[in-house]
Amino acid sequence: MSATPAPPAPKPGLPLWLLLELTYRCPLHCVFCYNPTEFARTGAELATADWIRVLREARALGSVQLGLSGGEPLVREDLEILVAEAHSLGYYINLITSGVGMTEARIAALKVAGLDHIQLSFQDSTRVMNDFLSSTRTFELKEKVAALIRSHGYPMVLNVVLHRLNIDHVGEILDMAERMGAEYVELANTQYYGWAWLNRAQLMPSRAQLERAEEVTQRFRERVGNRMKIYFVVPDYFETRPKPCMNGLGSVFLALAPDGTAMPCHAARMLPGLTLPNVREQSVREIWYDSPAFNRFRGEAWMKEPCRSCPERSKDFGGCRCQAYLLTGDPDNADPVCDLSPHHHLVTEAVARAERAAAAADGTTAAPLVFRDHRVSIPVVVATESAARG
Amino acid sequence: MSELSDATRPAVRRGLKLQWEEAQNAYVLLYPEGQLVLNQSAAEILKRCDGVRTVAEIVADIEGTYSLSGISPDVTAFVRMALEQRWLEERA
């Protein structure tokens with residue numbers, strides 16, 4: 001332990017970015033969903049009036065970037081009401097949707113209500129993989145929604161989650177995006193939280209797969225030029241420095257779960273010893289500035305070595321607290337993605353296991369994929385060091 | 001994208017939003033999951049990019065408002081950069 005006392009935490013910044021997970025209900029069952037695997041046990045969704053109060057309180061604190069997510073936010077019948085309220089308050093409003101449930105009537109109403117932006121995610125799962133690869137049902141749905149998005153004057157923005165089972169088809173995915181008239185495509189490799197954590201062994205690509213996908217993406221970029229902007233998000237397990245997760249917890253980001261639970265990161269529900277406040281019981285101001293949960297990881301006092309004395313600590317804030325917890329069992333540890341972490345081998349071993357699994361290439365996996373489902377409620381299993389090595 | 005000229009009519013790109021933020025005491029350009037906090041020069045230019053005014057008209061307006069002259073190269077360079085960054089688009 002270092003004898004040097006950490007400097008006091010500076011005054012918190014503004015909660016500029018508000019993410020409302022309006023519902024965990026979703027017609028899909030994606031194996032890579034980051035929603036908590038225990039979501040079937042969470043409380044009732046907030047009512048319209050509660051969400052409106054939250055929007056007003058957060059805006060008064062300076063929130064301006066609003067994400068509406070889920071689950072599938074289109075299953076909320078009051079979505080247009082919430083968008084209209086948010087627009088009148090001056091938020092920039094981004095709807096994050098699978099497109100399932102989007103109709104001409106709804107998109108027209110959302111446009112009138114003042115929705116600024118739509119991010120269409122590709123609801124890939126192995127159940128629809130064949131559909132997708134043969135460009136049948138899935139493509140028809142996406143094409144229909146993409147046409148609605150374009151015809152209402154929104155830029156066509158597509159998000160596709162990549163994993164071992166689809167990453168080899170990144171060329172077809174980009175071709176599909178081009179046919180849909182996409183202006184922006186985010187190829188986001190799976191982040192291993194929630195359902196994706198349960199399925200990590202089956203979803204992690206090999207390094208060779210990743211490099212091939214990046215090559216294909218680069219060739220595609222050269223062909224289409226400025227018409228389509230493509231972001232390729234490398235999975236952090238393949239990096240040697242951690243991501244500056246949420247710019248540090250409690251610094252700019254405030255997420256609310258469907259039941260009103262306030263979180264400094266949308267995965268933070270898993271963190272041990274964190275009593276998450278709820279907007280049913282406290283104001284957004286009290287939650288942001290005064291709650292122990294939002295102050296817990298502010299500043300640097302919580303850090304352990306090697307982060308505590310690391311010159312890069314103000315750049316990456318020690319990485320992701322949830323990943324530190326999931327992999328090492330202690331949320332105060334350095335994110336093991338960092339090769340300065342004494343636990344970095346947990347990451348490299350997981351990658352090595354993915355290499356072996358991909359090399360086996362006989363379609364067998366150690367365990368079946370677990371599809372996101374309301375009927376199952378699965379407590380998060382934190383890998384202890386020995387278990388992770390097993 | 002055609003060559004940028006004085007006759008180009010730039011506009012804040014569809015899907016982005018420019019507004020004054022009291023809490024930040026600044027104009028910000030908002031895009032999904034992020035924002036650019038604008039300095040005064042950038043804000044004065046972007047505020048006038050409405051898809052109606054040409055670059056030449058934007059230059060004249062700023063010069064008139066602030067009693068400046070000779071800012072055309074700076075404004076043009078900024079607009080070119082903002083088009084490349086996809087903050088702005090050209091309107092027909």
# chains A, B, ... in the order shown; residues from 1 in each chain; ligands from 1

call {"tool": "interface_residues", "arguments": {"of": "chain B", "to": "chain A", "cutoff": "12 Å", "atoms": "only C-alpha atoms", "output": "VMD selection string"}}
result
chain B and resid 1 13 to 37 83 to 86 89

call {"tool": "write_last_selection", "arguments": {"atoms": "C-alpha atoms", "output": "PDB file, in the first residue's frame"}}
result
ATOM      1  CA  MET B   1     -18.500  16.434 -52.452  1.00  0.00           C
ATOM      2  CA  ARG B  13     -25.426  18.054 -40.798  1.00  0.00           C
ATOM      3  CA  ARG B  14     -28.732  16.206 -40.460  1.00  0.00           C
ATOM      4  CA  GLY B  15     -28.871  14.414 -37.124  1.00  0.00           C
ATOM      5  CA  LEU B  16     -26.612  16.947 -35.366  1.00  0.00           C
ATOM      6  CA  LYS B  17     -27.798  19.828 -33.199  1.00  0.00           C
ATOM      7  CA  LEU B  18     -26.166  23.141 -32.358  1.00  0.00           C
ATOM      8  CA  GLN B  19     -27.331  24.959 -29.255  1.00  0.00           C
ATOM      9  CA  TRP B  20     -26.348  27.246 -26.406  1.00  0.00           C
ATOM     10  CA  GLU B  21     -25.829  25.389 -23.131  1.00  0.00           C
ATOM     11  CA  GLU B  22     -26.201  27.597 -20.086  1.00  0.00           C
ATOM     12  CA  ALA B  23     -24.752  24.933 -17.767  1.00  0.00           C
ATOM     13  CA  GLN B  24     -21.575  24.805 -19.845  1.00  0.00           C
ATOM     14  CA  ASN B  25     -21.561  28.511 -20.737  1.00  0.00           C
ATOM     15  CA  ALA B  26     -20.870  27.574 -24.341  1.00  0.00           C
ATOM     16  CA  TYR B  27     -22.344  26.628 -27.661  1.00  0.00           C
ATOM     17  CA  VAL B  28     -22.153  22.890 -28.202  1.00  0.00           C
ATOM     18  CA  LEU B  29     -22.573  20.726 -31.273  1.00  0.00           C
ATOM     19  CA  LEU B  30     -24.375  17.580 -30.247  1.00  0.00           C
ATOM     20  CA  TYR B  31     -24.083  14.203 -31.930  1.00  0.00           C
ATOM     21  CA  PRO B  32     -24.905  10.702 -30.685  1.00  0.00           C
ATOM     22  CA  GLU B  33     -23.090   9.967 -27.430  1.00  0.00           C
ATOM     23  CA  GLY B  34     -20.963  13.092 -27.549  1.00  0.00           C
ATOM     24  CA  GLN B  35     -20.621  16.810 -28.000  1.00  0.00           C
ATOM     25  CA  LEU B  36     -18.144  19.380 -29.215  1.00  0.00           C
ATOM     26  CA  VAL B  37     -17.770  22.409 -26.996  1.00  0.00           C
ATOM     27  CA  LEU B  83     -17.340  19.432 -43.929  1.00  0.00           C
ATOM     28  CA  GLU B  84     -14.550  16.843 -43.743  1.00  0.00           C
ATOM     29  CA  GLN B  85     -15.413  16.120 -40.118  1.00  0.00           C
ATOM     30  CA  ARG B  86     -19.045  15.738 -41.186  1.00  0.00           C
ATOM     31  CA  GLU B  89     -22.992  19.221 -45.107  1.00  0.00           C
TER      32      GLU B  89
END

call {"tool": "select_by_dssp", "arguments": {"residues": "range 129-346 of chain A", "states": "strand (DSSP E or B)", "output": "PyMOL selection string"}}
result
chain A and resi 157-162+184-189+229-233+253-256+261-263+278

call {"tool": "write_last_selection", "arguments": {"atoms": "N, CA and C atoms", "output": "PDB file, in the first residue's frame"}}
result
ATOM      1  N   VAL A 157     -27.906   5.244 -39.560  1.00  0.00           N
ATOM      2  CA  VAL A 157     -26.781   4.869 -38.697  1.00  0.00           C
ATOM      3  C   VAL A 157     -27.006   3.452 -38.186  1.00  0.00           C
ATOM      4  N   LEU A 158     -26.083   2.589 -38.518  1.00  0.00           N
ATOM      5  CA  LEU A 158     -26.250   1.166 -38.205  1.00  0.00           C
ATOM      6  C   LEU A 158     -25.182   0.724 -37.221  1.00  0.00           C
ATOM      7  N   ASN A 159     -25.616  -0.032 -36.237  1.00  0.00           N
ATOM      8  CA  ASN A 159     -24.683  -0.587 -35.266  1.00  0.00           C
ATOM      9  C   ASN A 159     -24.778  -2.109 -35.336  1.00  0.00           C
ATOM     10  N   VAL A 160     -23.637  -2.754 -35.503  1.00  0.00           N
ATOM     11  CA  VAL A 160     -23.612  -4.213 -35.579  1.00  0.00           C
ATOM     12  C   VAL A 160     -22.646  -4.742 -34.531  1.00  0.00           C
ATOM     13  N   VAL A 161     -23.112  -5.634 -33.703  1.00  0.00           N
ATOM     14  CA  VAL A 161     -22.241  -6.233 -32.696  1.00  0.00           C
ATOM     15  C   VAL A 161     -21.550  -7.450 -33.304  1.00  0.00           C
ATOM     16  N   LEU A 162     -20.238  -7.457 -33.233  1.00  0.00           N
ATOM     17  CA  LEU A 162     -19.463  -8.557 -33.816  1.00  0.00           C
ATOM     18  C   LEU A 162     -19.037  -9.551 -32.734  1.00  0.00           C
ATOM     19  N   TYR A 184     -23.376   5.859 -41.603  1.00  0.00           N
ATOM     20  CA  TYR A 184     -22.428   5.517 -40.542  1.00  0.00           C
ATOM     21  C   TYR A 184     -22.675   4.062 -40.150  1.00  0.00           C
ATOM     22  N   VAL A 185     -21.586   3.332 -39.981  1.00  0.00           N
ATOM     23  CA  VAL A 185     -21.710   1.957 -39.492  1.00  0.00           C
ATOM     24  C   VAL A 185     -20.734   1.777 -38.336  1.00  0.00           C
ATOM     25  N   GLU A 186     -21.255   1.323 -37.237  1.00  0.00           N
ATOM     26  CA  GLU A 186     -20.360   0.984 -36.128  1.00  0.00           C
ATOM     27  C   GLU A 186     -20.276  -0.531 -36.035  1.00  0.00           C
ATOM     28  N   LEU A 187     -19.076  -1.056 -36.231  1.00  0.00           N
ATOM     29  CA  LEU A 187     -18.828  -2.477 -36.061  1.00  0.00           C
ATOM     30  C   LEU A 187     -18.230  -2.628 -34.669  1.00  0.00           C
ATOM     31  N   ALA A 188     -19.084  -2.968 -33.732  1.00  0.00           N
ATOM     32  CA  ALA A 188     -18.665  -2.964 -32.326  1.00  0.00           C
ATOM     33  C   ALA A 188     -18.439  -4.390 -31.876  1.00  0.00           C
ATOM     34  N   ASN A 189     -17.209  -4.710 -31.566  1.00  0.00           N
ATOM     35  CA  ASN A 189     -16.976  -6.032 -31.026  1.00  0.00           C
ATOM     36  C   ASN A 189     -17.640  -6.156 -29.656  1.00  0.00           C
ATOM     37  N   LYS A 229     -19.163   6.146 -43.376  1.00  0.00           N
ATOM     38  CA  LYS A 229     -18.107   6.213 -42.369  1.00  0.00           C
ATOM     39  C   LYS A 229     -18.222   4.971 -41.485  1.00  0.00           C
ATOM     40  N   ILE A 230     -17.122   4.252 -41.345  1.00  0.00           N
ATOM     41  CA  ILE A 230     -17.164   2.987 -40.620  1.00  0.00           C
ATOM     42  C   ILE A 230     -16.249   3.046 -39.399  1.00  0.00           C
ATOM     43  N   TYR A 231     -16.827   2.787 -38.260  1.00  0.00           N
ATOM     44  CA  TYR A 231     -16.045   2.701 -37.022  1.00  0.00           C
ATOM     45  C   TYR A 231     -15.876   1.225 -36.682  1.00  0.00           C
ATOM     46  N   PHE A 232     -14.640   0.816 -36.480  1.00  0.00           N
ATOM     47  CA  PHE A 232     -14.386  -0.571 -36.088  1.00  0.00           C
ATOM     48  C   PHE A 232     -13.876  -0.554 -34.656  1.00  0.00           C
ATOM     49  N   VAL A 233     -14.672  -1.064 -33.743  1.00  0.00           N
ATOM     50  CA  VAL A 233     -14.305  -1.024 -32.328  1.00  0.00           C
ATOM     51  C   VAL A 233     -13.674  -2.362 -31.944  1.00  0.00           C
ATOM     52  N   PHE A 253     -21.582  10.536 -16.893  1.00  0.00           N
ATOM     53  CA  PHE A 253     -22.603   9.594 -17.351  1.00  0.00           C
ATOM     54  C   PHE A 253     -23.527   9.164 -16.222  1.00  0.00           C
ATOM     55  N   LEU A 254     -24.816   9.224 -16.503  1.00  0.00           N
ATOM     56  CA  LEU A 254     -25.841   8.777 -15.554  1.00  0.00           C
ATOM     57  C   LEU A 254     -26.811   7.874 -16.304  1.00  0.00           C
ATOM     58  N   ALA A 255     -26.901   6.632 -15.866  1.00  0.00           N
ATOM     59  CA  ALA A 255     -27.828   5.699 -16.501  1.00  0.00           C
ATOM     60  C   ALA A 255     -28.932   5.345 -15.525  1.00  0.00           C
ATOM     61  N   LEU A 256     -30.131   5.217 -16.057  1.00  0.00           N
ATOM     62  CA  LEU A 256     -31.243   4.779 -15.233  1.00  0.00           C
ATOM     63  C   LEU A 256     -31.817   3.495 -15.789  1.00  0.00           C
ATOM     64  N   THR A 261     -33.525   2.591 -10.949  1.00  0.00           N
ATOM     65  CA  THR A 261     -32.207   2.479 -10.322  1.00  0.00           C
ATOM     66  C   THR A 261     -31.214   3.333 -11.092  1.00  0.00           C
ATOM     67  N   ALA A 262     -30.483   4.176 -10.353  1.00  0.00           N
ATOM     68  CA  ALA A 262     -29.504   5.065 -10.982  1.00  0.00           C
ATOM     69  C   ALA A 262     -28.128   4.426 -10.910  1.00  0.00           C
ATOM     70  N   MET A 263     -27.414   4.469 -12.041  1.00  0.00           N
ATOM     71  CA  MET A 263     -26.134   3.757 -12.134  1.00  0.00           C
ATOM     72  C   MET A 263     -25.093   4.660 -12.793  1.00  0.00           C
ATOM     73  N   ASN A 278     -32.235   5.190  -6.115  1.00  0.00           N
ATOM     74  CA  ASN A 278     -33.363   5.059  -7.036  1.00  0.00           C
ATOM     75  C   ASN A 278     -34.093   6.386  -7.137  1.00  0.00           C
TER      76      ASN A 278
END

call {"tool": "residues_around", "arguments": {"residues": "range 146-152 of chain A", "least_positions_apart": "4", "cutoff": "8 Å", "atoms": "only C-alpha atoms", "output": "list of chain:residue names"}}
result
A:Thr103, A:Glu104, A:Ile107, A:Ala108, A:Lys111, A:Ile118, A:Lys142, A:Met156, A:Met180, A:Gly181

call {"tool": "closest_residue", "arguments": {"among": "B:Ile71, B:Val52, B:Ile62, B:Ala82", "to": "Ala7 in chain B", "atoms": "only C-alpha atoms"}}
result
B:Val52

call {"tool": "closest_residue", "arguments": {"among": "B:Val75, B:Pro10, B:Met81, B:Glu90", "to": "Val59 in chain B", "atoms": "only C-alpha atoms"}}
result
B:Val75

call {"tool": "residues_around", "arguments": {"residues": "Glu44 in chain B", "least_positions_apart": "4", "cutoff": "10 Å", "atoms": "only C-alpha atoms", "output": "PyMOL selection string"}}
result
chain B and resi 27+38-40+48-49+58+61-62+75

call {"tool": "write_last_selection", "arguments": {"atoms": "N, CA and C atoms", "output": "CSV table (one decimal), in the first residue's frame"}}
result
chain,number,residue,atom,x,y,z
B,27,TYR,N,-21.6,27.3,-26.6
B,27,TYR,CA,-22.3,26.6,-27.7
B,27,TYR,C,-21.8,25.2,-27.8
B,38,LEU,N,-17.8,24.4,-28.4
B,38,LEU,CA,-17.3,25.3,-29.4
B,38,LEU,C,-16.7,26.6,-28.8
B,39,ASN,N,-15.6,27.0,-29.4
B,39,ASN,CA,-15.1,28.3,-29.0
B,39,ASN,C,-15.9,29.4,-29.7
B,40,GLN,N,-15.7,30.6,-29.4
B,40,GLN,CA,-16.6,31.7,-30.0
B,40,GLN,C,-16.5,31.7,-31.5
B,48,ARG,N,-24.3,30.3,-38.3
B,48,ARG,CA,-24.8,30.9,-39.5
B,48,ARG,C,-24.9,29.9,-40.7
B,49,CYS,N,-24.5,28.7,-40.4
B,49,CYS,CA,-24.5,27.6,-41.4
B,49,CYS,C,-25.9,27.0,-41.4
B,58,ILE,N,-21.8,34.4,-45.1
B,58,ILE,CA,-21.5,34.2,-43.7
B,58,ILE,C,-20.3,35.0,-43.3
B,61,ASP,N,-21.5,38.6,-43.0
B,61,ASP,CA,-22.3,38.8,-41.8
B,61,ASP,C,-21.4,38.9,-40.6
B,62,ILE,N,-20.4,38.0,-40.5
B,62,ILE,CA,-19.6,38.1,-39.3
B,62,ILE,C,-18.7,39.4,-39.3
B,75,VAL,N,-12.5,31.5,-42.3
B,75,VAL,CA,-13.8,30.9,-42.3
B,75,VAL,C,-13.9,29.8,-43.3

call {"tool": "atom_distance", "arguments": {"atom1": "CA of Cys26 in chain A", "atom2": "CA of Ala354 in chain A"}}
result
29.2 Å

call {"tool": "atom_distance", "arguments": {"atom1": "CA of Gly250 in chain A", "atom2": "CA of Arg321 in chain A"}}
result
11.9 Å

call {"tool": "select_by_dssp", "arguments": {"residues": "range 105-243 of chain A", "states": "helix (DSSP H, G or I)", "output": "PyMOL selection string"}}
result
chain A and resi 105-113+129-133+137-151+167-179+194-198+200-203+207-227+236-238

call {"tool": "closest_residue", "arguments": {"among": "A:Ala109, A:Leu274, A:Leu22, A:Leu249", "to": "Glu300 in chain A", "atoms": "only C-alpha atoms"}}
result
A:Leu249

call {"tool": "residues_around", "arguments": {"residues": "range 311-320 of chain A", "least_positions_apart": "2", "cutoff": "6 Å", "atoms": "only C-alpha atoms", "output": "ChimeraX atom specification"}}
result
/A:242-245,248,307,322-323,334-335

call {"tool": "write_last_selection", "arguments": {"atoms": "C-alpha atoms", "output": "mmCIF file, in the first residue's frame"}}
result
data_model
loop_
_atom_site.group_PDB
_atom_site.id
_atom_site.type_symbol
_atom_site.label_atom_id
_atom_site.label_comp_id
_atom_site.auth_asym_id
_atom_site.auth_seq_id
_atom_site.Cartn_x
_atom_site.Cartn_y
_atom_site.Cartn_z
ATOM 1 C CA PRO A 242 -7.784 -0.267 -20.776
ATOM 2 C CA LYS A 243 -10.537 1.931 -22.132
ATOM 3 C CA PRO A 244 -11.261 5.145 -20.188
ATOM 4 C CA CYS A 245 -14.586 3.648 -19.214
ATOM 5 C CA GLY A 248 -14.327 7.687 -15.019
ATOM 6 C CA CYS A 307 -3.010 2.444 -11.005
ATOM 7 C CA CYS A 322 -17.049 -3.889 -13.913
ATOM 8 C CA GLN A 323 -14.380 -5.709 -15.897
ATOM 9 C CA ALA A 334 -6.741 -2.262 -12.338
ATOM 10 C CA ASP A 335 -8.752 -3.373 -15.337
#

call {"tool": "residues_around", "arguments": {"residues": "range 218-223 of chain A", "least_positions_apart": "5", "cutoff": "9 Å", "atoms": "only C-alpha atoms", "output": "list in words"}}
result
Gly171, Leu174, Asp175, Ala213, Met228, Lys229 and Ile230 of chain A

call {"tool": "closest_residue", "arguments": {"among": "A:Leu340, A:Leu271, A:Met176, A:Leu165", "to": "Asn199 in chain A", "atoms": "only C-alpha atoms"}}
result
A:Leu165

call {"tool": "atom_distance", "arguments": {"atom1": "CA of Tyr325 in chain A", "atom2": "CA of Pro12 in chain A"}}
result
23.7 Å

call {"tool": "residues_around", "arguments": {"residues": "Lys304 in chain A", "least_positions_apart": "3", "cutoff": "7 Å", "atoms": "only C-alpha atoms", "output": "list in words"}}
result
Cys307, Arg308, Asp332 and Asn333 of chain A
